[in-house]
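So the structure is just underneath, and the comments pick up after that.
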Amino acid sequence: RVYKIATIPGDGIGVDITEAAIQVLDKLAAVDGTFTFQWNEFDWSSKNFKERGWYMPPDGMEQLKKFNAIYFGAVGWPDVADHISLWGLILPIRNSMNQYVNVRPTRILRGITSPLSQCAKQPRDLDWVIVRENSEGEYAGQGGTTHGHTPHAVATEVSIFTRVGIERIMRFAFDTAKLRPRKKLTMVTKSNAQRHGMVLWDTIFHDVAKEYPDITWDKMLVDAMTVRMVNQPQTLDTIVATNLHADILSDLAAALSGSIGIAPSSNLDPTRGCPSMFEPIHGSAPDIAGKGIANPVGAFWSAAEMVRWLGNGELDHVADGLMEAIEKVTEAGVKTRDLAGSSNTKEVTEAVCKEIEVV
Ligand code: NAI
Ligand code: MG
């Protein structure tokens, strides 16, 4: 079968790693032989925003709905304010496409040294899935500014939490924990200081937990959670947190697993009514853009998750094969500079393609 994929390379290294991901996915399809990809690229980026005045055309969402999935690079460039670029492209897509879950797996791939090897006793036991609420909370976009450029400036940034929004993310998190060997869920809030929305998270978490008697759970405040992630990584498995908290924790998780350049993410519409979107968690990295040295591993891992999602249970072996190919390559020491290696994007990509042929 043919999977129709919308690609949005975006800005900076988003362009390099999207190209690399397409190369790897085409190789995967060619070796497997039961499916192919039909790529359709959208040139929605900060550069084009500067020229055209828009990130997406008015019918952009309608166009995206025709695809089986969306593959996203990164958006953001120093000459456009970051809140304009994020709200111009990626946040509206997540919202309009009902992608209310953002799944961020983290583990230490073979051949990669975790900074945890210096503090935690068993760094290899870092094997987590962070489930990020992706549709509301702190990124609801609500609030405003008055007296902006005066000494009396006041701005509000209002978080919105709804029962519907919290229940569905909790169920997804419990379902995720249920499919994993340790069957363990940690729920993160800041319900000591944030006394409305976060308390609703606590309440609904307890309600939903009753439906999952076979899952062991615990709760953490987000500040203490950062310490536990560093000192006791082996005590965590599935983690559920709000849009903001999980955004921050997943960057920490990525760093603990070796580099931000390897971390994947899936923006899912679990109802499958709209296409889901797959992207590495890193941004456009202007400091290394155009040099050909971006780590494509996060992009490949995201690609593996896309294959898993598209197959809906039938292509897990293909996704696993891609992960195995990636780990063969990191194990062999073919790594980019962020992982203390000396290879460039192209060399890592070619090495992964080669492994796909033999895995
Ligand atoms: P960033 O993730 O782009 O870069 C942070 C640091 O990590 C930089 O030193 C960069 O060189 C390094 N890095 C990131 N990805 C790498 C990779 N694949 N290989 C090697 N090194 C890598 O985050 P930053 O600098 O905060 O943001 C840059 C721009 O990207 C901003 O405009 C920001 O708004 C945007 N951004 C976009 C995201 C998205 O599209 N989903 C996510 C995060 C940031
Ligand atoms: Mg982030």
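Scheme for the structure tokens: letters A, B, ... for chains in order shown; per-chain residue numbers from 1; ligand numbers from 1 in order shown.
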
Would you mind listing, for every residue of range 207-256 of chain A within 9 Å of range 279-296 of chain A, the two atoms forming the shortest contact and the distance between them in Å to one decimal, using only C-alpha atoms, sorted by chain and ascending residue number, as CSV?
residue,atom,partner,partner_atom,distance
A:Ser250,CA,A:Ile281,CA,8.4
A:Asp251,CA,A:Ile281,CA,7.8
A:Ala254,CA,A:Ile281,CA,8.7

If you run DSSP over the backbone, which residues in range 112-287 of chain A end up strand (DSSP E or B)? Put them as a tab-separated table (two decimals) with C-alpha atoms, in the first residue's frame.
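In the end it all went to part_28.tsv:
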chain	number	residue	atom	x	y	z
A	127	ASP	CA	13.76	3.59	29.60
A	128	TRP	CA	10.89	6.02	29.69
A	129	VAL	CA	7.91	7.19	27.70
A	130	ILE	CA	6.89	10.74	28.41
A	131	VAL	CA	3.24	11.40	27.57
A	132	ARG	CA	2.77	15.11	27.07
A	133	GLU	CA	-0.63	16.79	27.07
A	137	GLY	CA	-2.77	23.78	29.68
A	138	GLU	CA	-0.07	26.41	29.68
A	139	TYR	CA	0.06	26.55	25.86
A	140	ALA	CA	-3.62	27.41	25.44
A	141	GLY	CA	-2.54	30.78	24.06
A	142	GLN	CA	-4.93	32.65	26.32
A	143	GLY	CA	-4.09	35.93	28.00
A	144	GLY	CA	-3.04	39.36	26.97
A	145	THR	CA	-0.84	42.39	27.54
A	146	THR	CA	-1.77	45.91	28.55
A	154	VAL	CA	0.95	43.72	32.78
A	155	ALA	CA	0.70	40.40	30.94
A	156	THR	CA	-1.37	37.33	31.71
A	157	GLU	CA	-0.66	33.83	30.42
A	158	VAL	CA	-3.69	31.79	31.32
A	159	SER	CA	-3.51	28.01	31.51
A	160	ILE	CA	-6.68	26.18	30.57
A	184	LYS	CA	4.12	1.81	35.96
A	185	LEU	CA	2.93	5.40	35.64
A	186	THR	CA	4.24	8.57	37.26
A	187	MET	CA	2.00	11.63	37.14
A	188	VAL	CA	3.69	15.03	37.33
A	189	THR	CA	2.13	18.31	38.48
A	216	THR	CA	1.35	0.86	39.75
A	217	TRP	CA	1.38	4.63	39.95
A	218	ASP	CA	2.88	7.48	41.87
A	219	LYS	CA	2.82	11.25	41.77
A	220	MET	CA	5.62	13.82	41.66
A	221	LEU	CA	5.93	17.58	41.78
A	238	THR	CA	5.76	5.96	31.82
A	239	ILE	CA	5.41	9.63	32.75
A	240	VAL	CA	2.42	11.90	32.17
A	241	ALA	CA	2.67	15.68	32.48
A	264	PRO	CA	11.81	11.66	18.82
A	265	SER	CA	8.22	12.78	19.22
A	266	SER	CA	4.82	11.78	17.90
A	267	ASN	CA	1.91	14.23	17.93
A	268	LEU	CA	-1.01	11.84	17.86
A	276	SER	CA	-0.74	12.55	13.18
A	277	MET	CA	2.58	14.40	13.01
A	278	PHE	CA	6.08	13.09	13.67
A	279	GLU	CA	9.12	15.25	14.43
A	280	PRO	CA	12.35	15.19	16.37

Could you build a table of the residues in range 32-116 of chain A lying no more than 12 Å from range 170-179 of chain A, giving for each the nearest pair of atoms and their separation in Å rounded to one decimal place, using only C-alpha atoms, ordered by chain and ascending residue number, as a tab-separated table?
residue	atom	partner	partner_atom	distance
A:Tyr100	CA	A:Phe172	CA	10.0
A:Val101	CA	A:Phe172	CA	7.9
A:Asn102	CA	A:Phe172	CA	10.3
A:Val103	CA	A:Ala173	CA	9.3
A:Arg104	CA	A:Thr176	CA	11.5
A:Pro105	CA	A:Thr176	CA	11.0

Taking only range 68-231 of chain A into account, list the residues labelled helix (DSSP H, G or I) by DSSP (computed from the backbone), as a PyMOL selection string.
chain A and resi 82-96+115-118+123-125+163-178+197-209+222-231

Would you mind telling me which residue in A:Gln63, A:Thr36, A:Asn231, A:Ser259 lies nearest to Ile93 in chain A when using only C-alpha atoms?
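Closest candidate: A:Gln63.
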
Quick one: everything within 9 Å of Cys274 in chain A, counting only C-alpha atoms, minus sequence neighbours fewer than 6 positions away in the same chain. Send it as a list in words.
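So, after excluding close chain neighbours, the residues are Leu64, Lys65, Lys66, Phe67, Asn68, Ala69, Ser96, Met97, Asn98, Gln99 and Leu268 of chain A.
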
Write the residues of the selection above to a file with C-alpha atoms, as a compact mmCIF listing (two decimals), in the first residue's frame.
# COMPACT_ATOMS: atom_id res chain seq x y z
CA LEU A 64 -2.87 18.47 5.37
CA LYS A 65 -6.03 16.49 6.12
CA LYS A 66 -5.64 14.60 2.84
CA PHE A 67 -2.49 12.83 4.07
CA ASN A 68 -1.96 9.70 6.15
CA ALA A 69 0.65 11.48 8.29
CA SER A 96 -6.38 21.75 14.38
CA MET A 97 -5.41 18.13 13.80
CA ASN A 98 -6.69 17.03 17.21
CA GLN A 99 -3.17 15.89 18.11
CA LEU A 268 -1.01 11.84 17.86

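CA of His245 in chain A to atom 41 (N, counted along the ligand's line) of ligand 1 spans 15.4 Å [interatomic distance, one decimal].
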
Which residues, written as a short mmCIF file (atom, residue, chain, number, x, y, z; two decimals) with C-alpha atoms, in the first residue's frame, have at least one atom at most 7 Å from Trp39 in chain A, with only C-alpha atoms counted and residues fewer than 5 positions away on the same chain left out?
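Resulting contents of part_11.cif:
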data_model
loop_
_atom_site.label_atom_id
_atom_site.label_comp_id
_atom_site.auth_asym_id
_atom_site.auth_seq_id
_atom_site.Cartn_x
_atom_site.Cartn_y
_atom_site.Cartn_z
CA LYS A 4 0.74 9.66 1.51
CA ILE A 5 2.96 11.82 3.71
CA ALA A 6 3.02 15.61 3.94
CA THR A 7 6.52 16.84 4.75
#
